[in-house]
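This is work32.cif. It holds mmCIF, C-alpha atoms and all ligand atoms.
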data_start
#
loop_
_atom_site.label_atom_id
_atom_site.label_comp_id
_atom_site.auth_asym_id
_atom_site.auth_seq_id
_atom_site.Cartn_x
_atom_site.Cartn_y
_atom_site.Cartn_z
CA MET A 1 23.43 9.89 12.51
CA LYS A 2 24.22 10.67 8.92
CA TYR A 3 23.58 7.18 7.53
CA LYS A 4 20.39 5.17 7.92
CA SER A 5 20.04 1.64 9.26
CA GLY A 6 17.17 -0.81 9.13
CA THR A 7 15.93 -3.39 11.56
CA ASN A 8 18.51 -5.26 13.64
CA PHE A 9 18.48 -8.99 12.98
CA PRO A 10 19.53 -11.75 15.37
CA PRO A 11 22.86 -13.24 14.19
CA ASP A 12 21.43 -16.35 12.59
CA THR A 13 18.60 -14.68 10.67
CA PRO A 14 18.71 -16.12 7.15
CA GLU A 15 19.70 -13.65 4.51
CA GLN A 16 17.42 -13.04 1.58
CA LEU A 17 17.99 -12.42 -2.08
CA GLY A 18 16.07 -9.33 -3.22
CA VAL A 19 14.75 -8.40 -6.63
CA LEU A 20 13.77 -4.79 -7.09
CA LEU A 21 11.42 -4.52 -10.04
CA LEU A 22 11.28 -0.97 -11.37
CA ASN A 23 9.13 0.82 -13.88
CA LEU A 24 8.57 4.44 -14.78
CA GLY A 25 5.61 5.33 -12.59
CA THR A 26 2.31 6.98 -13.15
CA PRO A 27 0.17 9.68 -11.52
CA GLU A 28 -1.86 8.79 -8.43
CA ALA A 29 -5.07 9.98 -10.05
CA PRO A 30 -6.16 11.21 -13.49
CA THR A 31 -6.58 14.75 -12.23
CA PRO A 32 -4.65 17.87 -13.23
CA SER A 33 -3.17 18.30 -9.74
CA ALA A 34 -1.97 14.67 -9.46
CA VAL A 35 -0.61 14.75 -13.01
CA ARG A 36 1.17 18.03 -12.23
CA ARG A 37 2.91 16.44 -9.22
CA TYR A 38 3.93 13.47 -11.35
CA LEU A 39 5.19 15.57 -14.26
CA ALA A 40 7.05 17.93 -11.92
CA GLU A 41 9.07 14.99 -10.60
CA PHE A 42 9.46 13.23 -13.96
CA LEU A 43 10.41 16.23 -16.05
CA ASN A 44 12.75 17.58 -13.39
CA ASP A 45 14.95 14.50 -13.84
CA PRO A 46 18.14 15.63 -15.62
CA ARG A 47 18.41 12.20 -17.26
CA VAL A 48 15.10 12.84 -19.01
CA VAL A 49 15.56 16.46 -20.01
CA GLU A 50 19.16 17.43 -20.67
CA VAL A 51 18.81 21.19 -20.66
CA PRO A 52 20.75 23.54 -18.33
CA ARG A 53 18.85 23.52 -15.05
CA PRO A 54 18.08 27.22 -14.47
CA LEU A 55 16.70 27.59 -18.01
CA TRP A 56 14.74 24.35 -17.74
CA TRP A 57 13.31 25.34 -14.35
CA VAL A 58 11.82 28.46 -15.89
CA ILE A 59 10.37 26.56 -18.88
CA LEU A 60 9.05 23.70 -16.75
CA HIS A 61 7.41 25.78 -14.04
CA GLY A 62 6.59 28.81 -16.17
CA VAL A 63 5.06 27.02 -19.15
CA ILE A 64 4.86 23.20 -19.17
CA LEU A 65 3.41 22.59 -15.72
CA ARG A 66 0.77 25.24 -16.37
CA ILE A 67 -0.47 23.69 -19.61
CA ARG A 68 0.35 20.00 -19.83
CA PRO A 69 -1.27 18.60 -16.63
CA ALA A 70 -4.83 19.37 -17.75
CA ARG A 71 -4.21 17.93 -21.22
CA SER A 72 -2.48 14.80 -19.96
CA ALA A 73 -5.07 14.30 -17.21
CA LYS A 74 -7.75 14.11 -19.90
CA ALA A 75 -5.76 11.39 -21.68
CA TYR A 76 -5.21 9.55 -18.39
CA ARG A 77 -8.95 9.61 -17.70
CA ALA A 78 -9.49 7.71 -20.94
CA VAL A 79 -7.36 4.76 -19.80
CA TRP A 80 -8.00 4.82 -16.03
CA THR A 81 -9.98 1.90 -14.60
CA ASP A 82 -11.60 1.08 -11.26
CA ARG A 83 -8.27 -0.41 -10.27
CA GLY A 84 -6.36 2.76 -11.10
CA SER A 85 -3.60 3.39 -13.61
CA PRO A 86 -3.12 0.45 -16.01
CA MET A 87 0.66 0.54 -15.70
CA LEU A 88 0.58 0.19 -11.92
CA GLU A 89 -2.03 -2.51 -11.96
CA VAL A 90 0.01 -4.56 -14.44
CA ALA A 91 3.22 -3.90 -12.49
CA ARG A 92 1.64 -5.34 -9.34
CA ARG A 93 0.64 -8.47 -11.21
CA GLN A 94 4.12 -8.72 -12.71
CA ALA A 95 5.74 -8.46 -9.27
CA ALA A 96 3.41 -11.10 -7.80
CA GLY A 97 3.93 -13.43 -10.77
CA LEU A 98 7.68 -13.06 -10.60
CA GLN A 99 7.72 -13.67 -6.84
CA GLU A 100 5.70 -16.84 -7.32
CA ARG A 101 8.01 -18.15 -10.05
CA LEU A 102 11.16 -17.39 -8.08
CA LEU A 103 9.84 -19.13 -4.99
CA THR A 104 9.37 -22.24 -7.11
CA ARG A 105 12.59 -22.01 -9.06
CA VAL A 106 14.98 -20.55 -6.52
CA GLY A 107 13.64 -21.37 -3.08
CA PRO A 108 11.97 -19.65 -0.14
CA ARG A 109 14.53 -16.93 0.53
CA VAL A 110 13.84 -14.57 -2.32
CA ARG A 111 11.82 -11.35 -2.14
CA VAL A 112 10.47 -9.26 -4.98
CA ALA A 113 9.57 -5.62 -4.37
CA LEU A 114 8.05 -3.12 -6.76
CA GLY A 115 9.22 0.46 -7.09
CA MET A 116 8.30 3.26 -9.45
CA ARG A 117 10.92 5.74 -10.58
CA TYR A 118 8.44 8.60 -10.19
CA GLY A 119 5.53 8.54 -7.75
CA GLN A 120 4.27 5.55 -5.78
CA PRO A 121 5.19 2.90 -4.75
CA SER A 122 8.50 4.68 -4.38
CA VAL A 123 11.98 3.29 -4.90
CA LEU A 124 12.77 4.31 -1.34
CA GLY A 125 9.83 2.33 0.07
CA ALA A 126 10.69 -0.75 -2.01
CA LEU A 127 14.33 -0.65 -0.90
CA GLU A 128 13.29 -0.30 2.74
CA GLN A 129 10.90 -3.21 2.37
CA LEU A 130 13.72 -5.39 1.04
CA ARG A 131 16.18 -4.21 3.70
CA ASP A 132 13.64 -4.97 6.44
CA ALA A 133 13.23 -8.47 5.00
CA HIS A 134 16.99 -8.92 5.49
CA VAL A 135 17.91 -8.78 1.84
CA ARG A 136 21.70 -8.77 1.65
CA ARG A 137 22.00 -9.32 -2.10
CA LEU A 138 19.99 -7.14 -4.38
CA LEU A 139 19.29 -7.42 -8.07
CA VAL A 140 17.77 -4.31 -9.62
CA LEU A 141 15.65 -5.10 -12.64
CA PRO A 142 14.31 -2.06 -14.52
CA LEU A 143 11.53 -3.18 -16.83
CA TYR A 144 13.01 -1.48 -19.88
CA PRO A 145 14.15 -4.05 -22.44
CA GLN A 146 16.16 -1.44 -24.38
CA TYR A 147 18.76 0.58 -22.47
CA SER A 148 18.25 4.32 -22.44
CA ALA A 149 19.90 6.84 -20.16
CA THR A 150 16.47 8.48 -19.82
CA THR A 151 14.95 5.37 -18.24
CA THR A 152 17.51 2.70 -17.28
CA ALA A 153 20.21 5.06 -16.04
CA SER A 154 17.60 7.15 -14.30
CA SER A 155 16.46 4.03 -12.39
CA PHE A 156 20.07 3.41 -11.41
CA ASP A 157 20.34 7.00 -10.13
CA ALA A 158 17.22 6.57 -8.01
CA VAL A 159 18.52 3.37 -6.41
CA THR A 160 22.04 4.60 -5.79
CA ASP A 161 20.84 8.01 -4.52
CA GLU A 162 18.90 6.18 -1.84
CA LEU A 163 21.62 3.63 -1.11
CA SER A 164 24.15 6.43 -0.70
CA THR A 165 22.28 7.32 2.51
CA TRP A 166 22.49 3.81 3.98
CA ARG A 167 25.04 2.54 6.46
CA TRP A 168 25.03 -1.17 5.57
CA LEU A 169 24.80 -1.67 1.82
CA PRO A 170 23.59 -4.89 0.22
CA GLU A 171 25.60 -6.48 -2.55
CA LEU A 172 24.25 -5.00 -5.73
CA ARG A 173 23.70 -6.03 -9.32
CA PHE A 174 21.83 -4.17 -12.00
CA VAL A 175 20.21 -5.48 -15.19
CA ASN A 176 21.20 -3.08 -17.93
CA GLN A 177 18.94 -4.31 -20.77
CA TYR A 178 17.38 -7.43 -22.24
CA HIS A 179 16.52 -6.23 -25.73
CA ASP A 180 17.75 -9.40 -27.47
CA GLU A 181 16.90 -11.95 -24.79
CA PRO A 182 15.57 -15.03 -26.65
CA GLY A 183 12.58 -15.47 -24.29
CA TYR A 184 11.60 -11.83 -24.86
CA ILE A 185 11.87 -12.10 -28.63
CA ASP A 186 9.89 -15.37 -28.58
CA ALA A 187 7.14 -13.83 -26.43
CA LEU A 188 6.79 -10.87 -28.82
CA ALA A 189 6.70 -13.15 -31.86
CA THR A 190 4.06 -15.32 -30.16
CA SER A 191 1.86 -12.26 -29.46
CA ILE A 192 2.12 -11.20 -33.08
CA ARG A 193 1.24 -14.68 -34.33
CA ALA A 194 -1.79 -14.64 -32.02
CA ALA A 195 -2.89 -11.32 -33.58
CA TRP A 196 -2.48 -12.84 -37.04
CA ALA A 197 -4.59 -15.82 -36.03
CA THR A 198 -7.39 -13.44 -34.97
CA HIS A 199 -7.18 -10.65 -37.54
CA GLY A 200 -5.14 -12.13 -40.40
CA GLN A 201 -1.72 -10.91 -41.54
CA PRO A 202 -1.61 -7.13 -42.02
CA ASP A 203 -0.22 -5.27 -45.01
CA ARG A 204 2.33 -3.77 -42.61
CA LEU A 205 3.45 -4.43 -39.05
CA LEU A 206 4.73 -1.40 -37.15
CA PHE A 207 7.08 -1.73 -34.19
CA SER A 208 6.50 1.47 -32.24
CA PHE A 209 8.99 2.48 -29.53
CA HIS A 210 8.89 5.49 -27.24
CA GLY A 211 11.10 8.17 -28.76
CA THR A 212 13.96 10.14 -27.26
CA PRO A 213 15.63 13.31 -28.53
CA GLN A 214 17.91 12.58 -31.49
CA ARG A 215 20.80 14.36 -29.76
CA TYR A 216 20.87 11.72 -26.97
CA PHE A 217 21.52 9.09 -29.66
CA THR A 218 24.23 11.23 -31.24
CA ALA A 219 25.80 11.62 -27.80
CA GLY A 220 26.12 7.84 -27.44
CA ASP A 221 22.88 6.45 -26.03
CA PRO A 222 22.47 2.89 -27.44
CA TYR A 223 18.66 2.98 -27.23
CA HIS A 224 18.12 3.43 -30.98
CA CYS A 225 20.33 0.41 -31.77
CA HIS A 226 18.66 -1.75 -29.13
CA CYS A 227 15.22 -0.95 -30.55
CA HIS A 228 16.37 -1.84 -34.04
CA LYS A 229 17.86 -5.11 -32.90
CA THR A 230 14.69 -6.12 -31.06
CA ALA A 231 12.51 -5.40 -34.08
CA ARG A 232 14.89 -7.15 -36.50
CA LEU A 233 15.07 -10.29 -34.33
CA VAL A 234 11.29 -10.49 -34.07
CA ALA A 235 10.81 -9.90 -37.80
CA THR A 236 13.40 -12.59 -38.55
CA GLN A 237 11.68 -15.04 -36.26
CA LEU A 238 8.39 -14.35 -38.04
CA ALA A 239 10.10 -14.62 -41.45
CA LEU A 240 8.59 -11.23 -42.30
CA PRO A 241 9.89 -9.74 -45.56
CA ASP A 242 11.55 -6.32 -45.12
CA ASP A 243 8.78 -4.48 -46.96
CA ARG A 244 6.12 -5.77 -44.54
CA TRP A 245 7.38 -4.14 -41.36
CA LEU A 246 8.93 -0.94 -40.02
CA LEU A 247 10.20 0.53 -36.78
CA ALA A 248 9.07 3.98 -35.69
CA PHE A 249 9.24 6.19 -32.59
CA GLN A 250 6.27 7.71 -30.79
CA SER A 251 5.39 10.18 -28.02
CA ARG A 252 7.55 13.07 -29.17
CA ILE A 253 7.31 16.15 -26.98
CA GLY A 254 8.53 19.66 -27.80
CA ARG A 255 10.10 21.07 -30.92
CA ASP A 256 13.46 19.27 -30.91
CA GLU A 257 14.11 16.53 -33.40
CA TRP A 258 13.49 13.08 -31.87
CA LEU A 259 14.40 9.67 -33.22
CA GLN A 260 12.79 9.09 -36.60
CA PRO A 261 10.62 8.02 -38.31
CA TYR A 262 7.71 9.14 -36.15
CA THR A 263 4.91 6.65 -35.52
CA ASP A 264 2.01 9.05 -36.17
CA GLN A 265 3.46 10.39 -39.43
CA THR A 266 4.31 6.88 -40.63
CA LEU A 267 0.79 5.59 -40.06
CA LYS A 268 -0.76 8.58 -41.77
CA ALA A 269 1.58 8.27 -44.76
CA TRP A 270 0.82 4.56 -45.01
CA ALA A 271 -2.93 5.17 -45.05
CA GLN A 272 -2.53 7.92 -47.66
CA SER A 273 -0.46 5.62 -49.85
CA GLY A 274 -3.25 3.02 -49.91
CA ILE A 275 -2.17 0.64 -47.15
CA LYS A 276 -5.38 -0.66 -45.65
CA HIS A 277 -4.50 -3.03 -42.82
CA VAL A 278 -1.86 -2.39 -40.16
CA GLN A 279 -0.97 -3.93 -36.84
CA VAL A 280 1.07 -2.07 -34.24
CA ILE A 281 3.11 -3.54 -31.42
CA ALA A 282 5.09 -1.59 -28.80
CA PRO A 283 7.92 -3.89 -27.63
CA GLY A 284 9.67 -1.22 -25.54
CA PHE A 285 6.81 -1.02 -23.04
CA SER A 286 6.74 -3.93 -20.64
CA ALA A 287 3.24 -2.96 -19.52
CA ASP A 288 0.34 -1.26 -21.20
CA CYS A 289 0.10 2.35 -20.16
CA LEU A 290 -1.00 5.75 -21.34
CA GLU A 291 1.40 5.70 -24.28
CA THR A 292 0.04 2.44 -25.66
CA LEU A 293 -3.62 2.41 -24.61
CA GLU A 294 -4.33 6.00 -25.53
CA GLU A 295 -1.67 7.15 -27.98
CA ILE A 296 -1.31 3.98 -30.06
CA ALA A 297 -4.62 2.20 -29.54
CA VAL A 298 -6.86 5.27 -29.83
CA GLU A 299 -5.15 8.41 -31.15
CA ASN A 300 -3.05 6.77 -33.88
CA ARG A 301 -5.84 4.39 -34.78
CA ASP A 302 -8.24 7.30 -35.35
CA ALA A 303 -5.63 9.10 -37.45
CA PHE A 304 -4.93 6.02 -39.58
CA LEU A 305 -8.61 5.38 -40.23
CA ALA A 306 -9.29 9.06 -40.92
CA ALA A 307 -6.52 9.05 -43.53
CA GLY A 308 -8.07 6.16 -45.44
CA GLY A 309 -6.89 3.05 -43.59
CA GLU A 310 -9.43 0.31 -42.99
CA GLN A 311 -8.13 -2.11 -40.37
CA TYR A 312 -5.97 -1.14 -37.42
CA HIS A 313 -5.07 -3.53 -34.62
CA TYR A 314 -2.99 -2.77 -31.58
CA ILE A 315 -1.17 -5.81 -30.17
CA PRO A 316 -1.02 -5.51 -26.35
CA CYS A 317 2.20 -5.41 -24.36
CA LEU A 318 3.58 -8.56 -22.78
CA ASN A 319 2.18 -7.40 -19.41
CA ASP A 320 1.76 -10.43 -17.11
CA LEU A 321 1.65 -13.06 -19.85
CA PRO A 322 3.21 -16.28 -18.52
CA ALA A 323 5.88 -16.21 -21.25
CA HIS A 324 6.91 -12.71 -20.15
CA LEU A 325 7.13 -13.60 -16.46
CA ASP A 326 8.98 -16.84 -17.25
CA MET A 327 11.50 -14.83 -19.25
CA LEU A 328 11.94 -12.33 -16.39
CA ALA A 329 12.41 -15.16 -13.89
CA GLY A 330 15.08 -16.69 -16.14
CA LEU A 331 16.76 -13.30 -16.39
CA VAL A 332 16.83 -12.99 -12.60
CA GLN A 333 18.31 -16.46 -12.27
CA ARG A 334 21.05 -15.70 -14.77
CA HIS A 335 21.92 -12.32 -13.31
CA THR A 336 22.14 -13.65 -9.78
CA CYS A 337 24.36 -16.50 -10.88
CA GLY A 338 27.34 -17.26 -8.69
CA TRP A 339 26.21 -15.16 -5.77
CA PRO A 340 27.51 -16.87 -2.66
CA GLU A 341 25.21 -17.21 0.30
CA ARG A 342 26.16 -16.45 3.84
CA THR A 343 25.14 -19.35 6.03
CA ALA A 344 25.16 -19.65 9.80
CA GLY A 345 28.54 -21.38 9.59
CA GLY A 346 30.16 -18.71 7.45
CA THR A 347 30.19 -17.87 3.79
CA SER A 348 29.81 -20.69 1.36
CA CYS A 349 29.68 -20.60 -2.38
CA LEU A 350 26.56 -22.38 -3.51
CA HIS A 351 28.20 -23.05 -6.84
CA ARG A 352 30.30 -25.70 -5.18
CA GLN A 353 27.31 -27.18 -3.38
CA VAL A 354 25.31 -27.32 -6.57
CA ALA A 355 28.23 -28.99 -8.33
CA ALA A 356 28.45 -31.51 -5.48
CA ALA A 357 24.69 -32.08 -5.54
CA SER A 358 24.62 -32.61 -9.28
CA ASN A 359 27.64 -34.95 -9.10
CA GLN A 360 25.68 -37.12 -6.72
CA SER A 361 22.71 -37.23 -9.06
CA ALA A 362 23.77 -38.15 -12.53
CA SER A 363 20.59 -36.54 -13.88
CA ALA A 364 22.07 -33.08 -13.13
CA ALA A 365 18.52 -31.78 -13.08
CA VAL A 366 17.67 -28.64 -11.13
CA PRO A 367 19.39 -29.29 -7.80
CA VAL A 368 17.29 -28.92 -4.69
CA LEU A 369 19.00 -27.13 -1.84
CA PRO A 370 16.58 -27.17 1.06
CA GLY A 371 16.53 -24.01 3.08
CA ARG A 372 19.00 -22.13 0.89
CA VAL A 373 18.73 -19.44 -1.66
CA ALA A 374 19.91 -21.25 -4.73
CA SER A 375 19.31 -18.01 -6.66
CA GLY A 376 21.39 -17.73 -9.79
CA LEU A 377 22.81 -21.17 -9.50
CA LEU A 378 19.83 -22.57 -11.24
CA ALA A 379 20.43 -20.33 -14.19
CA GLY A 380 18.88 -21.11 -17.51
CA LYS A 381 15.64 -22.16 -15.81
C1 LIG B 401 10.20 14.83 -22.21
C2 LIG B 401 10.88 13.80 -22.38
C3 LIG B 401 10.58 12.37 -22.30
C4 LIG B 401 11.47 11.38 -22.63
C5 LIG B 401 12.89 11.55 -23.10
C6 LIG B 401 10.81 10.13 -22.40
C7 LIG B 401 11.38 8.88 -22.60
C8 LIG B 401 10.76 7.67 -22.34
N1 LIG B 401 9.54 7.44 -21.73
C9 LIG B 401 9.29 6.10 -21.69
C10 LIG B 401 8.15 5.47 -21.18
C11 LIG B 401 6.98 6.12 -20.79
N2 LIG B 401 6.72 7.46 -20.86
C12 LIG B 401 5.46 7.70 -20.39
C13 LIG B 401 4.84 8.93 -20.27
C14 LIG B 401 5.46 10.15 -20.50
N3 LIG B 401 6.69 10.38 -21.07
C15 LIG B 401 6.98 11.73 -21.06
C16 LIG B 401 8.16 12.36 -21.48
C17 LIG B 401 9.34 11.72 -21.89
N4 LIG B 401 9.55 10.38 -21.95
C18 LIG B 401 5.84 12.39 -20.45
C19 LIG B 401 5.73 13.87 -20.23
C20 LIG B 401 4.92 11.42 -20.10
C21 LIG B 401 3.59 11.61 -19.34
C22 LIG B 401 2.42 11.64 -20.16
C23 LIG B 401 2.31 12.91 -20.93
O1 LIG B 401 2.13 13.97 -20.34
O2 LIG B 401 2.43 12.79 -22.17
C24 LIG B 401 4.87 6.46 -20.01
C25 LIG B 401 3.44 6.24 -19.52
C26 LIG B 401 3.25 6.40 -18.01
C27 LIG B 401 1.85 6.11 -17.57
O3 LIG B 401 1.46 6.68 -16.54
O4 LIG B 401 1.10 5.35 -18.16
C28 LIG B 401 5.80 5.48 -20.25
C29 LIG B 401 5.69 4.01 -19.98
C30 LIG B 401 10.39 5.44 -22.28
C31 LIG B 401 10.51 3.93 -22.44
C32 LIG B 401 11.31 6.40 -22.68
C33 LIG B 401 12.62 6.29 -23.34
C34 LIG B 401 13.12 5.28 -23.89
FE FE B 402 7.98 8.93 -21.76
FE FE B 403 2.02 10.25 -25.25
#
Output the file's structure in the form of structure tokens.
Amino acid sequence: MKYKSGTNFPPDTPEQLGVLLLNLGTPEAPTPSAVRRYLAEFLNDPRVVEVPRPLWWVILHGVILRIRPARSAKAYRAVWTDRGSPMLEVARRQAAGLQERLLTRVGPRVRVALGMRYGQPSVLGALEQLRDAHVRRLLVLPLYPQYSATTTASSFDAVTDELSTWRWLPELRFVNQYHDEPGYIDALATSIRAAWATHGQPDRLLFSFHGTPQRYFTAGDPYHCHCHKTARLVATQLALPDDRWLLAFQSRIGRDEWLQPYTDQTLKAWAQSGIKHVQVIAPGFSADCLETLEEIAVENRDAFLAAGGEQYHYIPCLNDLPAHLDMLAGLVQRHTCGWPERTAGGTSCLHRQVAAASNQSASAAVPVLPGRVASGLLAGK
């Protein structure tokens, strides 16, 4: 048969709400061969590298995949732990923490699965896991606060490519971005305040975001604007004067112009101009990874100190901080709002049942719907 099916369920099997948590992915090992496999998949994605395919194939296989894997593997070795790649380890904790919160807030019929856009655990495996748990409504949540076609849209492609091979599709919703979500801004501001409490206020705070080629921005990608809005909202919440912070873009690859200013050049210029104490936060990364733990926390630190800087502090990503997971759970609740649930007796809109339940109890507190997926109905926590 052309289209795939999952397990058959008896007619009264309760349906589940599924949350597919996605992140970029990471190599399986910090070795040149594993990194080559990872980069071959990642850099072959037309959302990431918008260059005509035949030309890109020659550059990728003829040059990049011959040189970069060994260099990147060395960097990966510097951040690898006994538990593997930091990004994957954090992602597992994020998925478990989100599952736990949703079980409490939403009810027993909600499943969280983790998928990586490139590598393992795969998007395919995560979708199959949810399908086999009888998920009939699926919320896809890519862990990229700022929308970019290179990341967010690429996650969408991976999900829909797989779903296009299925016979019975779930209902589908997709979180596009959460760059100005109040809980996210609060969590970032809280992390920065904690760094100030430990190290004092720096001369400058740098918000460093992963870069993208400038031409993607010119072509209409909103990523640059989302990054700026995130940084501005955090700075406003901290009441930081404009001359005490800046936004910059890191991780540039190749010779094309990428979004500016560049993180490494900015830090070096600051040190050379006599700025002694900086703190760097990377709000676009939902989990610490190679780009934060090696590039920001080691490489850029060394460069800043070598250029005359004296104090350099990297403020970790939100990772599995309770405030981060609470924000993600709230986001899931809001984005699943109004989803009706199919019950044994037919389809019923839980909105109406919640309204009825809260009419009965004047407190209108979080309504308890035993045995049902109250999913988005309990929006706003
Ligand atoms: C070549 C183009 C790349 C674009 C465009 C790009 C955008 C982009 N990436 C992230 C997040 C991450 N990128 C990470 C690693 C990484 N990124 C690229 C290339 C592009 N990224 C490469 C080749 C690599 C691999 C490492 C290397 O060889 O330098 C990671 C870390 C993954 C890990 O295993 O820890 C993250 C996270 C975003 C958010 C983004 C656009 C907005
Ligand atoms: Fe990247
Ligand atoms: Fe990098």
Spatial neighbours of Lys4 in chain A, 9 Å, only C-alpha atoms, chain gap at least 2 places, as a PDB file with C-alpha atoms, in the frame of the given file:
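Okay, selection_0.pdb is ready:
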ATOM      1  CA  MET A   1      23.430   9.890  12.510  1.00  0.00           C
ATOM      2  CA  LYS A   2      24.220  10.670   8.920  1.00  0.00           C
ATOM      3  CA  GLY A   6      17.170  -0.810   9.130  1.00  0.00           C
ATOM      4  CA  THR A 165      22.280   7.320   2.510  1.00  0.00           C
ATOM      5  CA  TRP A 166      22.490   3.810   3.980  1.00  0.00           C
ATOM      6  CA  ARG A 167      25.040   2.540   6.460  1.00  0.00           C
ATOM      7  CA  TRP A 168      25.030  -1.170   5.570  1.00  0.00           C
TER       8      TRP A 168
END
Rounded to one decimal in Å, what is the spacing between CA of Asn319 in chain A and CA of Leu98 in chain A?
->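 Computing it gives 11.8 Å between the two atoms.
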Among the residues A:Ala95, A:Ala149, A:Ile67, A:Leu143, the one that comes closest to Asp221 in chain A [using only C-alpha atoms] |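 Checking each of A:Ala95, A:Ala149, A:Ile67, A:Leu143 against Asp221 in chain A, counting only C-alpha atoms, the winner is A:Ala149.
In this model, the gap between atom C24 of ligand LIG 401 (chain B) and CA of Cys225 in chain A comes to 20.3 Å.
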Would you tabulate, counting only C-alpha atoms and all ligand atoms, all residues of chain A that have an atom at most 9 Å from an atom of ligand FE 402 (chain B), showing the closest pair of atoms and their distance in Å to one decimal, sorted by chain then ascending number, as a tab-separated table?
residue	atom	partner	partner_atom	distance
A:Leu24	CA	B:FE402	FE	8.3
A:Val48	CA	B:FE402	FE	8.6
A:Thr150	CA	B:FE402	FE	8.7
A:Thr151	CA	B:FE402	FE	8.6
A:His210	CA	B:FE402	FE	6.5
A:Gly211	CA	B:FE402	FE	7.7
A:Thr212	CA	B:FE402	FE	8.2
A:Ser251	CA	B:FE402	FE	6.9
A:Arg252	CA	B:FE402	FE	8.5
A:Ile253	CA	B:FE402	FE	8.9
A:Glu291	CA	B:FE402	FE	7.8
Please produce a file of the residues just selected, as a compact mmCIF listing (two decimals), in the coordinates of the input, where the atoms kept are C-alpha atoms.
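Result written to selection.txt:
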# COMPACT_ATOMS: atom_id res chain seq x y z
CA LEU A 24 8.57 4.44 -14.78
CA VAL A 48 15.10 12.84 -19.01
CA THR A 150 16.47 8.48 -19.82
CA THR A 151 14.95 5.37 -18.24
CA HIS A 210 8.89 5.49 -27.24
CA GLY A 211 11.10 8.17 -28.76
CA THR A 212 13.96 10.14 -27.26
CA SER A 251 5.39 10.18 -28.02
CA ARG A 252 7.55 13.07 -29.17
CA ILE A 253 7.31 16.15 -26.98
CA GLU A 291 1.40 5.70 -24.28
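For the pair CA of Ala303 in chain A and CA of Gln265 in chain A, the separation is 9.4 Å.
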Tell me which protein, DNA and RNA residues are within 12 Å of Leu127 in chain A, counting all atoms listed in the file, leaving out same-chain ones fewer than 4 positions away, and put them as an NGL selection string.
-> :A and (5-6 or 18-22 or 111-116 or 121-123 or 131-140 or 158-163 or 165-166 or 169-170 or 172)
Which neighbours of Asp288 in chain A fall inside 12 Å, counting all atoms listed in the file, when residues of the same chain fewer than 2 positions from it are skipped, and could you give them as a PyMOL selection string?
-> chain A and resi 23-24+26+79-80+85-91+94+281-286+290-297+314-321
Choose the residue, out of A:Glu257, A:Arg101, A:Gln250, A:Trp245, that has the smallest atom-to-atom separation from Glu299 in chain A; count only C-alpha atoms.
->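 Comparing A:Glu257, A:Arg101, A:Gln250, A:Trp245 against Glu299 in chain A, the winner is A:Gln250.
Distance annotation: of A:Ala197, A:Val234, A:Val298, A:Ile59, the residue with the minimal separation from ligand FE 403 (chain B) is A:Val298; atom set is only C-alpha atoms and all ligand atoms.
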Report as lines of an AutoDock Vina configuration file the centre and the edge lengths, in Å to one decimal, of the axis-aligned box holding every listed atom of range 99-118 of chain A, padded by 4 Å on each side.
center_x = 10.3
center_y = -6.8
center_z = -5.0
size_x = 17.3
size_y = 38.8
size_z = 19.1
Show which residues sit within 7 Å of range 173-180 of chain A, as an MDAnalysis selection string. Count all atoms listed in the file, and ignore same-chain residues fewer than 4 positions away.
-> chainID A and resid 138:142 144:147 152 185 226 229:230
Rank nothing, just name the residue among A:Ile64, A:Val106, A:Ala287, A:Ala29 nearest to Leu43 in chain A, using all atoms listed in the file.
-> A:Ile64
Option closest in space to ligand FE 403 (chain B), from A:Asp157, A:Asp264, A:Asp326, A:Glu171 [counting all atoms listed in the file] =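 Among A:Asp157, A:Asp264, A:Asp326, A:Glu171, it is A:Asp264 that comes nearest to ligand FE 403 (chain B).
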Pick from A:Gly254, A:Gly338, A:Gly274, A:Gly62, whichever lies nearest to ligand FE 403 (chain B) using only C-alpha atoms and all ligand atoms = A:Gly254
Shell around range 36-42 of chain A at 12 Å using all atoms listed in the file, local window under 2 positions removed, as a PyMOL selection string | chain A and resi 24-34+44-49+56-57+59-73+116-120+150-151+154-155+158
Neighbours of point (-1.2, -3.9, -45.6) within 10 Å, using only C-alpha atoms, written as number ranges by chain | A: 201-205, 244-245, 270-271, 274-279, 309-312
Write a file of the just-selected residues containing C-alpha atoms, as a short mmCIF file (atom, residue, chain, number, x, y, z; two decimals), in the coordinates of the input.
data_model
loop_
_atom_site.label_atom_id
_atom_site.label_comp_id
_atom_site.auth_asym_id
_atom_site.auth_seq_id
_atom_site.Cartn_x
_atom_site.Cartn_y
_atom_site.Cartn_z
CA GLN A 201 -1.72 -10.91 -41.54
CA PRO A 202 -1.61 -7.13 -42.02
CA ASP A 203 -0.22 -5.27 -45.01
CA ARG A 204 2.33 -3.77 -42.61
CA LEU A 205 3.45 -4.43 -39.05
CA ARG A 244 6.12 -5.77 -44.54
CA TRP A 245 7.38 -4.14 -41.36
CA TRP A 270 0.82 4.56 -45.01
CA ALA A 271 -2.93 5.17 -45.05
CA GLY A 274 -3.25 3.02 -49.91
CA ILE A 275 -2.17 0.64 -47.15
CA LYS A 276 -5.38 -0.66 -45.65
CA HIS A 277 -4.50 -3.03 -42.82
CA VAL A 278 -1.86 -2.39 -40.16
CA GLN A 279 -0.97 -3.93 -36.84
CA GLY A 309 -6.89 3.05 -43.59
CA GLU A 310 -9.43 0.31 -42.99
CA GLN A 311 -8.13 -2.11 -40.37
CA TYR A 312 -5.97 -1.14 -37.42
#
